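Enquirer: Just coords04.cif, nothing more (mmCIF, C-alpha atoms (C1' of nucleotides)):
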```cif
data_protein
#
loop_
_atom_site.label_atom_id
_atom_site.label_comp_id
_atom_site.auth_asym_id
_atom_site.auth_seq_id
_atom_site.Cartn_x
_atom_site.Cartn_y
_atom_site.Cartn_z
CA MET A 1 0.00 0.00 0.00
CA SER A 2 1.14 3.53 0.73
CA LYS A 3 4.74 4.12 1.60
CA SER A 4 5.42 7.04 3.87
CA GLU A 5 8.86 8.31 4.58
CA ALA A 6 9.60 10.96 7.14
CA VAL A 7 9.12 10.27 10.81
CA GLU A 8 9.16 13.61 12.54
CA LEU A 9 7.52 15.52 15.29
CA PRO A 10 4.05 16.91 14.70
CA VAL A 11 5.22 20.32 15.76
CA LEU A 12 3.92 23.02 13.52
CA ARG A 13 5.50 26.21 12.41
CA ASP A 14 3.75 28.99 10.56
CA GLY A 15 3.60 28.09 6.91
CA ASP A 16 3.30 24.36 7.42
CA VAL A 17 -0.39 24.55 6.78
CA VAL A 18 -1.49 23.22 3.41
CA PRO A 19 -3.66 25.98 1.93
CA CYS A 20 -6.41 23.59 0.95
CA CYS A 21 -9.30 25.93 1.46
CA PRO A 22 -9.76 29.40 2.85
CA PRO A 23 -11.50 29.96 6.21
CA ILE A 24 -15.25 29.44 5.97
CA THR A 25 -15.74 33.11 6.69
CA ALA A 26 -13.86 34.06 3.53
CA GLY A 27 -16.66 33.08 1.18
CA GLU A 28 -18.78 30.27 -0.15
CA LEU A 29 -17.06 26.94 -0.62
CA SER A 30 -16.95 25.60 -4.15
CA GLN A 31 -18.52 22.22 -4.81
CA ALA A 32 -15.07 20.67 -5.22
CA ASP A 33 -13.62 22.20 -2.06
CA ALA A 34 -16.68 21.20 -0.09
CA GLU A 35 -16.31 17.60 -1.16
CA LYS A 36 -12.63 17.57 -0.32
CA MET A 37 -13.19 18.97 3.15
CA ALA A 38 -16.18 16.74 3.77
CA VAL A 39 -13.96 13.70 3.39
CA MET A 40 -11.65 14.98 6.13
CA PHE A 41 -14.44 15.91 8.51
CA LYS A 42 -16.16 12.61 7.84
CA ALA A 43 -12.99 10.84 8.92
CA LEU A 44 -13.36 12.44 12.34
CA SER A 45 -17.12 12.00 12.54
CA ASP A 46 -16.97 8.67 14.34
CA PRO A 47 -16.22 8.27 18.06
CA VAL A 48 -13.97 5.27 17.49
CA ARG A 49 -11.93 7.08 14.85
CA LEU A 50 -11.72 10.15 17.03
CA ARG A 51 -10.32 8.07 19.86
CA LEU A 52 -7.87 6.27 17.61
CA PHE A 53 -6.75 9.57 16.18
CA SER A 54 -6.30 11.14 19.61
CA LYS A 55 -4.31 8.13 20.74
CA VAL A 56 -1.90 8.50 17.86
CA ALA A 57 -1.70 12.27 18.19
CA SER A 58 -1.04 12.16 21.92
CA HIS A 59 1.63 9.48 21.65
CA PRO A 60 5.26 10.59 21.90
CA GLY A 61 6.39 11.73 18.46
CA GLY A 62 2.86 11.71 17.17
CA GLU A 63 3.15 8.10 16.16
CA ALA A 64 1.99 4.81 17.59
CA CYS A 65 1.91 1.13 16.78
CA VAL A 66 -1.51 -0.34 16.11
CA CYS A 67 -1.07 -2.63 19.08
CA ASP A 68 -0.66 0.44 21.30
CA ILE A 69 -3.96 2.00 20.35
CA ALA A 70 -6.20 -0.93 19.42
CA ASP A 71 -8.03 -0.92 22.73
CA VAL A 72 -11.05 1.16 21.83
CA GLY A 73 -13.85 -1.30 22.45
CA VAL A 74 -14.30 -2.77 18.97
CA SER A 75 -12.85 -5.79 17.21
CA GLN A 76 -9.45 -5.80 15.59
CA PRO A 77 -10.78 -5.83 12.02
CA THR A 78 -12.91 -2.82 12.87
CA VAL A 79 -9.90 -0.96 14.23
CA SER A 80 -8.06 -1.71 11.01
CA HIS A 81 -11.03 -0.50 9.01
CA HIS A 82 -11.14 2.81 10.85
CA LEU A 83 -7.41 3.37 10.58
CA LYS A 84 -7.74 2.85 6.85
CA LYS A 85 -10.41 5.54 6.70
CA LEU A 86 -8.17 7.96 8.57
CA ARG A 87 -5.34 7.09 6.21
CA GLU A 88 -7.47 7.58 3.12
CA ALA A 89 -8.60 10.96 4.42
CA GLY A 90 -4.97 12.00 4.73
CA LEU A 91 -5.10 12.50 8.48
CA LEU A 92 -2.77 9.62 9.26
CA THR A 93 0.09 7.96 7.46
CA SER A 94 1.29 4.42 8.10
CA GLU A 95 4.58 2.64 7.92
CA ARG A 96 5.50 -0.97 8.52
CA ARG A 97 8.56 -1.55 10.64
CA GLY A 98 9.16 -5.25 11.03
CA THR A 99 6.19 -6.98 12.55
CA TRP A 100 4.40 -3.82 13.53
CA VAL A 101 2.66 -1.04 11.66
CA TYR A 102 3.07 2.49 12.95
CA TYR A 103 0.61 5.29 12.33
CA GLN A 104 1.60 8.95 12.35
CA VAL A 105 -0.45 12.11 12.29
CA ALA A 106 -0.25 14.27 9.16
CA PRO A 107 0.20 17.68 10.80
CA SER A 108 -0.34 19.82 7.73
CA VAL A 109 -3.67 18.21 6.93
CA VAL A 110 -4.94 18.57 10.46
CA ALA A 111 -3.75 22.17 10.49
CA ALA A 112 -5.65 22.83 7.27
CA MET A 113 -8.85 21.70 8.93
CA ALA A 114 -8.20 23.89 11.94
CA ALA A 115 -7.39 26.84 9.70
CA MET A 116 -10.65 26.41 7.88
CA LEU A 117 -12.54 26.72 11.15
CA ASP A 118 -10.73 29.89 12.11
CA LEU A 119 -13.39 32.55 12.56
CA ARG A 120 -11.02 35.41 13.15
CA GLY A 121 -11.33 37.11 9.81
CA MET B 122 -34.32 38.53 -1.59
CA SER B 123 -34.18 39.27 2.08
CA LYS B 124 -32.67 42.19 3.86
CA SER B 125 -30.58 41.19 6.83
CA GLU B 126 -30.08 44.06 9.19
CA ALA B 127 -26.65 42.96 10.30
CA VAL B 128 -26.32 42.30 13.96
CA GLU B 129 -22.70 41.85 14.92
CA LEU B 130 -19.56 40.30 13.65
CA PRO B 131 -18.62 36.77 14.64
CA VAL B 132 -15.24 37.99 15.73
CA LEU B 133 -13.67 35.97 18.49
CA ARG B 134 -11.53 37.08 21.33
CA ASP B 135 -9.38 34.82 23.48
CA GLY B 136 -11.55 33.22 26.08
CA ASP B 137 -14.60 32.92 23.92
CA VAL B 138 -13.79 29.29 23.21
CA VAL B 139 -15.92 26.79 25.04
CA PRO B 140 -13.45 24.40 26.67
CA CYS B 141 -15.26 21.32 25.47
CA CYS B 142 -12.28 19.09 24.99
CA PRO B 143 -8.54 19.50 25.17
CA PRO B 144 -6.42 19.41 22.00
CA ILE B 145 -6.05 15.88 20.63
CA THR B 146 -2.37 16.00 21.41
CA ALA B 147 -3.08 16.40 25.10
CA GLY B 148 -4.16 12.82 25.64
CA GLU B 149 -6.67 10.15 24.76
CA LEU B 150 -10.24 11.27 24.34
CA SER B 151 -12.76 9.79 26.73
CA GLN B 152 -15.66 7.87 25.29
CA ALA B 153 -18.04 10.68 26.20
CA ASP B 154 -15.87 13.45 24.75
CA ALA B 155 -15.31 11.43 21.59
CA GLU B 156 -19.05 11.06 21.08
CA LYS B 157 -19.67 14.74 21.68
CA MET B 158 -17.02 15.82 19.20
CA ALA B 159 -18.08 13.20 16.66
CA VAL B 160 -21.51 14.84 16.46
CA MET B 161 -19.91 18.18 15.58
CA PHE B 162 -17.55 16.74 12.99
CA LYS B 163 -20.34 14.68 11.52
CA ALA B 164 -22.32 17.85 11.01
CA LEU B 165 -19.56 19.12 8.72
CA SER B 166 -18.97 15.77 7.03
CA ASP B 167 -21.38 16.44 4.17
CA PRO B 168 -20.58 18.67 1.19
CA VAL B 169 -24.03 20.25 1.19
CA ARG B 170 -23.85 21.07 4.89
CA LEU B 171 -20.34 22.41 4.46
CA ARG B 172 -21.53 24.73 1.72
CA LEU B 173 -24.56 25.86 3.72
CA PHE B 174 -22.35 26.50 6.71
CA SER B 175 -19.82 28.47 4.69
CA LYS B 176 -22.61 30.52 3.18
CA VAL B 177 -23.89 31.48 6.60
CA ALA B 178 -20.42 32.09 7.99
CA SER B 179 -19.34 34.26 5.10
CA HIS B 180 -22.49 36.35 5.13
CA PRO B 181 -22.29 39.83 6.67
CA GLY B 182 -22.77 39.47 10.40
CA GLY B 183 -22.37 35.71 10.22
CA GLU B 184 -26.06 35.29 9.64
CA ALA B 185 -28.26 34.60 6.65
CA CYS B 186 -31.84 33.91 5.72
CA VAL B 187 -32.60 30.45 4.41
CA CYS B 188 -33.69 31.93 1.11
CA ASP B 189 -30.24 33.49 0.74
CA ILE B 190 -28.34 30.24 1.00
CA ALA B 191 -30.78 27.62 -0.27
CA ASP B 192 -29.16 27.39 -3.69
CA VAL B 193 -26.84 24.42 -3.14
CA GLY B 194 -28.16 21.99 -5.70
CA VAL B 195 -30.63 20.01 -3.61
CA SER B 196 -34.34 20.38 -2.95
CA GLN B 197 -35.62 22.82 -0.40
CA PRO B 198 -36.75 20.13 2.08
CA THR B 199 -33.25 18.69 1.93
CA VAL B 200 -31.76 22.10 2.68
CA SER B 201 -34.03 22.36 5.69
CA HIS B 202 -33.00 18.89 6.80
CA HIS B 203 -29.30 19.79 6.65
CA LEU B 204 -29.80 23.07 8.46
CA LYS B 205 -31.52 21.14 11.20
CA LYS B 206 -28.53 18.86 11.53
CA LEU B 207 -26.20 21.84 11.82
CA ARG B 208 -28.51 23.34 14.42
CA GLU B 209 -28.67 20.11 16.43
CA ALA B 210 -24.87 19.91 16.39
CA GLY B 211 -24.72 23.39 17.89
CA LEU B 212 -22.88 24.90 14.95
CA LEU B 213 -25.77 27.13 13.92
CA THR B 214 -28.60 28.83 15.71
CA SER B 215 -31.83 29.95 14.11
CA GLU B 216 -34.31 32.70 14.71
CA ARG B 217 -37.58 33.54 13.02
CA ARG B 218 -38.11 37.19 12.11
CA GLY B 219 -41.42 37.65 10.41
CA THR B 220 -41.70 35.52 7.34
CA TRP B 221 -38.05 34.56 7.24
CA VAL B 222 -35.84 32.33 9.33
CA TYR B 223 -32.29 33.48 9.92
CA TYR B 224 -29.40 31.19 10.72
CA GLN B 225 -26.33 32.34 12.62
CA VAL B 226 -22.98 30.70 13.29
CA ALA B 227 -22.21 29.71 16.87
CA PRO B 228 -18.66 31.05 17.10
CA SER B 229 -17.71 29.40 20.38
CA VAL B 230 -18.65 25.94 19.18
CA VAL B 231 -16.73 26.32 15.95
CA ALA B 232 -13.76 27.67 17.89
CA ALA B 233 -13.87 24.64 20.17
CA MET B 234 -13.53 22.37 17.17
CA ALA B 235 -10.62 24.39 15.84
CA ALA B 236 -8.95 24.37 19.25
CA MET B 237 -9.22 20.63 19.40
CA LEU B 238 -7.31 20.34 16.14
CA ASP B 239 -4.54 22.59 17.35
CA LEU B 240 -1.33 20.57 17.13
CA ARG B 241 0.91 23.15 18.73
CA GLY B 242 1.52 21.55 22.07
"C1'" DC C 243 -61.10 34.98 5.00
"C1'" DC C 244 -58.28 32.95 1.41
"C1'" DC C 245 -54.15 32.92 -1.20
"C1'" DT C 246 -49.23 33.29 -1.62
"C1'" DT C 247 -44.66 32.85 0.07
"C1'" DA C 248 -41.24 30.80 3.38
"C1'" DC C 249 -39.95 27.03 5.75
"C1'" DT C 250 -40.52 22.49 8.27
"C1'" DT C 251 -42.07 17.85 8.92
"C1'" DC C 252 -43.43 13.33 7.11
"C1'" DG C 253 -42.96 8.99 4.65
"C1'" DA C 254 -40.55 6.35 1.51
"C1'" DC C 255 -36.62 4.70 -0.86
"C1'" DG C 256 -31.84 3.44 -2.20
"C1'" DT C 257 -27.18 3.90 -0.70
"C1'" DC C 258 -23.55 4.25 2.55
"C1'" DT C 259 -21.37 2.84 6.94
"C1'" DG C 260 -19.97 0.40 11.23
"C1'" DT C 261 -19.66 -3.92 12.91
"C1'" DC C 262 -18.45 -8.70 13.22
"C1'" DG C 263 -16.24 -13.52 12.29
"C1'" DA C 264 -13.56 -15.82 9.04
"C1'" DT C 265 -9.81 -15.65 6.32
"C1'" DA C 266 -5.60 -13.98 4.08
"C1'" DC C 267 -1.18 -11.72 4.32
"C1'" DA C 268 3.39 -10.18 6.57
"C1'" DC C 269 7.03 -10.89 9.53
"C1'" DC C 270 9.83 -13.28 13.08
"C1'" DG C 271 11.88 -16.99 15.88
"C1'" DG C 272 13.18 -21.43 16.04
"C1'" DC D 273 10.16 -24.49 6.62
"C1'" DC D 274 6.71 -24.05 10.30
"C1'" DG D 275 4.09 -22.24 13.77
"C1'" DG D 276 2.82 -17.89 16.09
"C1'" DT D 277 1.75 -13.13 16.38
"C1'" DG D 278 0.43 -8.65 14.38
"C1'" DT D 279 -2.58 -6.39 10.59
"C1'" DA D 280 -5.31 -6.22 6.64
"C1'" DT D 281 -9.08 -7.77 3.63
"C1'" DC D 282 -13.49 -10.16 2.70
"C1'" DG D 283 -18.39 -11.07 3.01
"C1'" DA D 284 -22.49 -10.32 5.31
"C1'" DC D 285 -25.90 -7.69 7.68
"C1'" DA D 286 -28.45 -4.21 10.46
"C1'" DG D 287 -28.92 0.43 11.04
"C1'" DA D 288 -27.93 5.23 9.76
"C1'" DC D 289 -28.01 8.73 6.18
"C1'" DG D 290 -29.20 11.77 2.06
"C1'" DT D 291 -32.62 12.50 -1.01
"C1'" DC D 292 -37.13 13.47 -2.81
"C1'" DG D 293 -42.30 14.78 -3.28
"C1'" DA D 294 -46.25 15.60 -0.61
"C1'" DA D 295 -48.31 17.55 3.07
"C1'" DG D 296 -48.17 20.60 7.22
"C1'" DT D 297 -47.27 25.10 9.71
"C1'" DA D 298 -46.31 30.09 9.96
"C1'" DA D 299 -46.68 34.86 8.53
"C1'" DG D 300 -48.25 38.60 5.57
"C1'" DG D 301 -51.31 40.82 1.96
"C1'" DG D 302 -55.34 41.40 -0.47
#
```
If you convert what's in this file into structure tokens, what do you get?
Expert:
Amino acid sequence: MSKSEAVELPVLRDGDVVPCCPPITAGELSQADAEKMAVMFKALSDPVRLRLFSKVASHPGGEACVCDIADVGVSQPTVSHHLKKLREAGLLTSERRGTWVYYQVAPSVVAAMAAMLDLRG
Amino acid sequence: MSKSEAVELPVLRDGDVVPCCPPITAGELSQADAEKMAVMFKALSDPVRLRLFSKVASHPGGEACVCDIADVGVSQPTVSHHLKKLREAGLLTSERRGTWVYYQVAPSVVAAMAAMLDLRG
DNA sequence: CCCTTACTTCGACGTCTGTCGATACACCGG
DNA sequence: CCGGTGTATCGACAGACGTCGAAGTAAGGG
């Protein structure tokens, strides 16, 4: 599947934000932009995914092995399914290291979502 | 169409943010917090709702009449349905003034979502 | 009053989504 | 090569969701 490279801290500096879409206060979203953003928000619209995501994000280095975060009250296949959704939405990246698979947060994508919700115009 | 006599700007100051949940980097989300946040993210997980929301948010005063924003490519009952979802999630509030119903953004709720996605620890 | 305009609710329908158990795939240690 | 552990995919199914037209409610104007 996907092959991610860099393993770095999720620390953000100004300018790291992918300028996907302007803040919602800036004007009406185009159909295309709306669909793009909807995919990201949908990824976080499930309690299980939200918990998985927070577990990865709050882990040291912003990355965690599946086995470290799998305890969210659903079966293992379901965990895998949700992690795939988060991956497909661009919020997480994954990397296999030996037996284990590590998931990392994608800071710029998350920052883009936050930026879009910025009401200070 | 309608004539919205602008109320006030949705400008935020520090401290206006409802401290619903800590940033996702701060630790694992509780089951309850995850469910609460999931409802908000789910509200923005649909392209039509995202466009409706952006139309309200980008309107002068952060408020708009339904008739001003209803042109999003779906039927009018569907628009009403989506606005209800946004209202139930706390992202919008509504108010009837005469014949028209005006929707306003709920700045503190939106800010809480943005704060949760803040990766700067 | 009744009619028109603005919006909401209702009922129905097809699609999408979350969940599971079973199964397949990847890696490691012996 | 073989058995064991960690993850991913598959197939199935119930429930949630987006959509519509039709009908209901609210307000204003003749």
Enquirer: For a quick check: superposing chain B on chain A using all C-alpha atoms in order, what RMSD comes out?
Expert: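 Least-squares fit of chain B onto chain A, C-alpha RMSD 3.9 Å.
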Enquirer: Residues at most 12 Å from His203 in chain B, counting all atoms listed in the file, excluding those fewer than 3 positions away in the same chain, as a PyMOL selection string?
Expert: (chain B and resi 163-174+187+190-191+193+195-200+206-210+212-213) or (chain C and resi 250) or (chain D and resi 289-291)
Enquirer: Would you mind listing, as a VMD selection string, all residues of chain D that have at least one atom within 8 Å of chain A, where only C-alpha atoms (C1' of nucleotides) are what counts?
Expert: chain D and resid 278 to 280
Enquirer: Can you work out the spacing between C1' of DG263 in chain C and C1' of DT277 in chain D in Å, to one decimal?
Expert: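 We find that C1' of DG263 in chain C and C1' of DT277 in chain D lie 18.5 Å from each other.
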Enquirer: At most 9 Å from (-19.9, 26.7, 17.4), file frame, all atoms listed in the file: which residues, as a list in words?
Expert: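 Those residues, ordered by chain and then number, are Val138, Val139, Met161, Ala210, Gly211, Leu212, Leu213, Val226, Ala227, Pro228, Ser229, Val230, Val231, Ala232, Ala233 and Met234 of chain B.
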Enquirer: Write out the residues from the selection above, keeping C-alpha atoms, as a PDB file, in the coordinates of the input.
Expert:
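Final output, saved to part_30.pdb:
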```pdb
ATOM      1  CA  VAL B 138     -13.790  29.290  23.210  1.00  0.00           C
ATOM      2  CA  VAL B 139     -15.920  26.790  25.040  1.00  0.00           C
ATOM      3  CA  MET B 161     -19.910  18.180  15.580  1.00  0.00           C
ATOM      4  CA  ALA B 210     -24.870  19.910  16.390  1.00  0.00           C
ATOM      5  CA  GLY B 211     -24.720  23.390  17.890  1.00  0.00           C
ATOM      6  CA  LEU B 212     -22.880  24.900  14.950  1.00  0.00           C
ATOM      7  CA  LEU B 213     -25.770  27.130  13.920  1.00  0.00           C
ATOM      8  CA  VAL B 226     -22.980  30.700  13.290  1.00  0.00           C
ATOM      9  CA  ALA B 227     -22.210  29.710  16.870  1.00  0.00           C
ATOM     10  CA  PRO B 228     -18.660  31.050  17.100  1.00  0.00           C
ATOM     11  CA  SER B 229     -17.710  29.400  20.380  1.00  0.00           C
ATOM     12  CA  VAL B 230     -18.650  25.940  19.180  1.00  0.00           C
ATOM     13  CA  VAL B 231     -16.730  26.320  15.950  1.00  0.00           C
ATOM     14  CA  ALA B 232     -13.760  27.670  17.890  1.00  0.00           C
ATOM     15  CA  ALA B 233     -13.870  24.640  20.170  1.00  0.00           C
ATOM     16  CA  MET B 234     -13.530  22.370  17.170  1.00  0.00           C
TER      17      MET B 234
END
```
Enquirer: Dump as JSON lines the rows for residues of chain C within 9 Å of chain A: closest atom pair and distance in Å with one decimal, all atoms listed in the file counted, ordered by chain and rising residue number.
Expert:
```
{"residue": "C:DG260", "atom": "C1'", "partner": "A:Thr78", "partner_atom": "CA", "distance": 7.9}
{"residue": "C:DT261", "atom": "C1'", "partner": "A:Thr78", "partner_atom": "CA", "distance": 6.8}
{"residue": "C:DC262", "atom": "C1'", "partner": "A:Ser75", "partner_atom": "CA", "distance": 7.5}
{"residue": "C:DA268", "atom": "C1'", "partner": "A:Thr99", "partner_atom": "CA", "distance": 7.3}
{"residue": "C:DC269", "atom": "C1'", "partner": "A:Thr99", "partner_atom": "CA", "distance": 5.0}
{"residue": "C:DC270", "atom": "C1'", "partner": "A:Thr99", "partner_atom": "CA", "distance": 7.3}
```
Enquirer: Just say which residues the PyMOL selection byres ((chain B) within 7 of (chain A)) picks in this file, as JSON, numbers by chain.
Expert: {"B": [132, 133, 145, 146, 147, 148, 149, 150, 155, 156, 159, 160, 162, 163, 165, 166, 167, 168, 171, 172, 175, 176, 178, 179, 231, 232, 235, 238, 239, 240, 241]}
Enquirer: Taking (-53.7, 39.9, 4.7) as a centre in this file's frame and 12 Å as the limit, can you find every polymer residue with an atom that close, using all atoms listed in the file, and give them as a list in words?
Expert: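 With a cut-off of 12 Å, the residues come to DC243, DC244, DC245 and DT246 of chain C; DA299, DG300, DG301 and DG302 of chain D.
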Enquirer: Could you rebuild range 91-103 of chain A with N, CA and C atoms and give it back as a PDB file, in the coordinates of the input?
Expert:
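Final output, saved to result_38.pdb:
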```pdb
ATOM      1  N   LEU A  91      -5.364  12.037   7.112  1.00  0.00           N
ATOM      2  CA  LEU A  91      -5.100  12.500   8.480  1.00  0.00           C
ATOM      3  C   LEU A  91      -3.993  11.697   9.147  1.00  0.00           C
ATOM      4  N   LEU A  92      -3.838  10.468   8.724  1.00  0.00           N
ATOM      5  CA  LEU A  92      -2.770   9.620   9.260  1.00  0.00           C
ATOM      6  C   LEU A  92      -1.966   9.040   8.099  1.00  0.00           C
ATOM      7  N   THR A  93      -0.703   8.743   8.393  1.00  0.00           N
ATOM      8  CA  THR A  93       0.090   7.960   7.460  1.00  0.00           C
ATOM      9  C   THR A  93       0.535   6.703   8.193  1.00  0.00           C
ATOM     10  N   SER A  94       0.886   5.668   7.446  1.00  0.00           N
ATOM     11  CA  SER A  94       1.290   4.420   8.100  1.00  0.00           C
ATOM     12  C   SER A  94       2.594   3.914   7.516  1.00  0.00           C
ATOM     13  N   GLU A  95       3.281   3.154   8.317  1.00  0.00           N
ATOM     14  CA  GLU A  95       4.580   2.640   7.920  1.00  0.00           C
ATOM     15  C   GLU A  95       4.810   1.331   8.634  1.00  0.00           C
ATOM     16  N   ARG A  96       5.209   0.331   7.907  1.00  0.00           N
ATOM     17  CA  ARG A  96       5.500  -0.970   8.520  1.00  0.00           C
ATOM     18  C   ARG A  96       6.956  -1.008   8.939  1.00  0.00           C
ATOM     19  N   ARG A  97       7.192  -1.372  10.187  1.00  0.00           N
ATOM     20  CA  ARG A  97       8.560  -1.550  10.640  1.00  0.00           C
ATOM     21  C   ARG A  97       8.636  -2.928  11.292  1.00  0.00           C
ATOM     22  N   GLY A  98       9.095  -3.886  10.528  1.00  0.00           N
ATOM     23  CA  GLY A  98       9.160  -5.250  11.030  1.00  0.00           C
ATOM     24  C   GLY A  98       7.762  -5.808  11.181  1.00  0.00           C
ATOM     25  N   THR A  99       7.487  -6.350  12.313  1.00  0.00           N
ATOM     26  CA  THR A  99       6.190  -6.980  12.550  1.00  0.00           C
ATOM     27  C   THR A  99       5.071  -5.954  12.693  1.00  0.00           C
ATOM     28  N   TRP A 100       5.443  -4.769  13.174  1.00  0.00           N
ATOM     29  CA  TRP A 100       4.400  -3.820  13.530  1.00  0.00           C
ATOM     30  C   TRP A 100       4.177  -2.721  12.496  1.00  0.00           C
ATOM     31  N   VAL A 101       2.986  -2.165  12.524  1.00  0.00           N
ATOM     32  CA  VAL A 101       2.660  -1.040  11.660  1.00  0.00           C
ATOM     33  C   VAL A 101       2.456   0.196  12.529  1.00  0.00           C
ATOM     34  N   TYR A 102       3.153   1.258  12.184  1.00  0.00           N
ATOM     35  CA  TYR A 102       3.070   2.490  12.950  1.00  0.00           C
ATOM     36  C   TYR A 102       2.255   3.535  12.191  1.00  0.00           C
ATOM     37  N   TYR A 103       1.400   4.205  12.923  1.00  0.00           N
ATOM     38  CA  TYR A 103       0.610   5.290  12.330  1.00  0.00           C
ATOM     39  C   TYR A 103       1.081   6.628  12.869  1.00  0.00           C
TER      40      TYR A 103
END
```
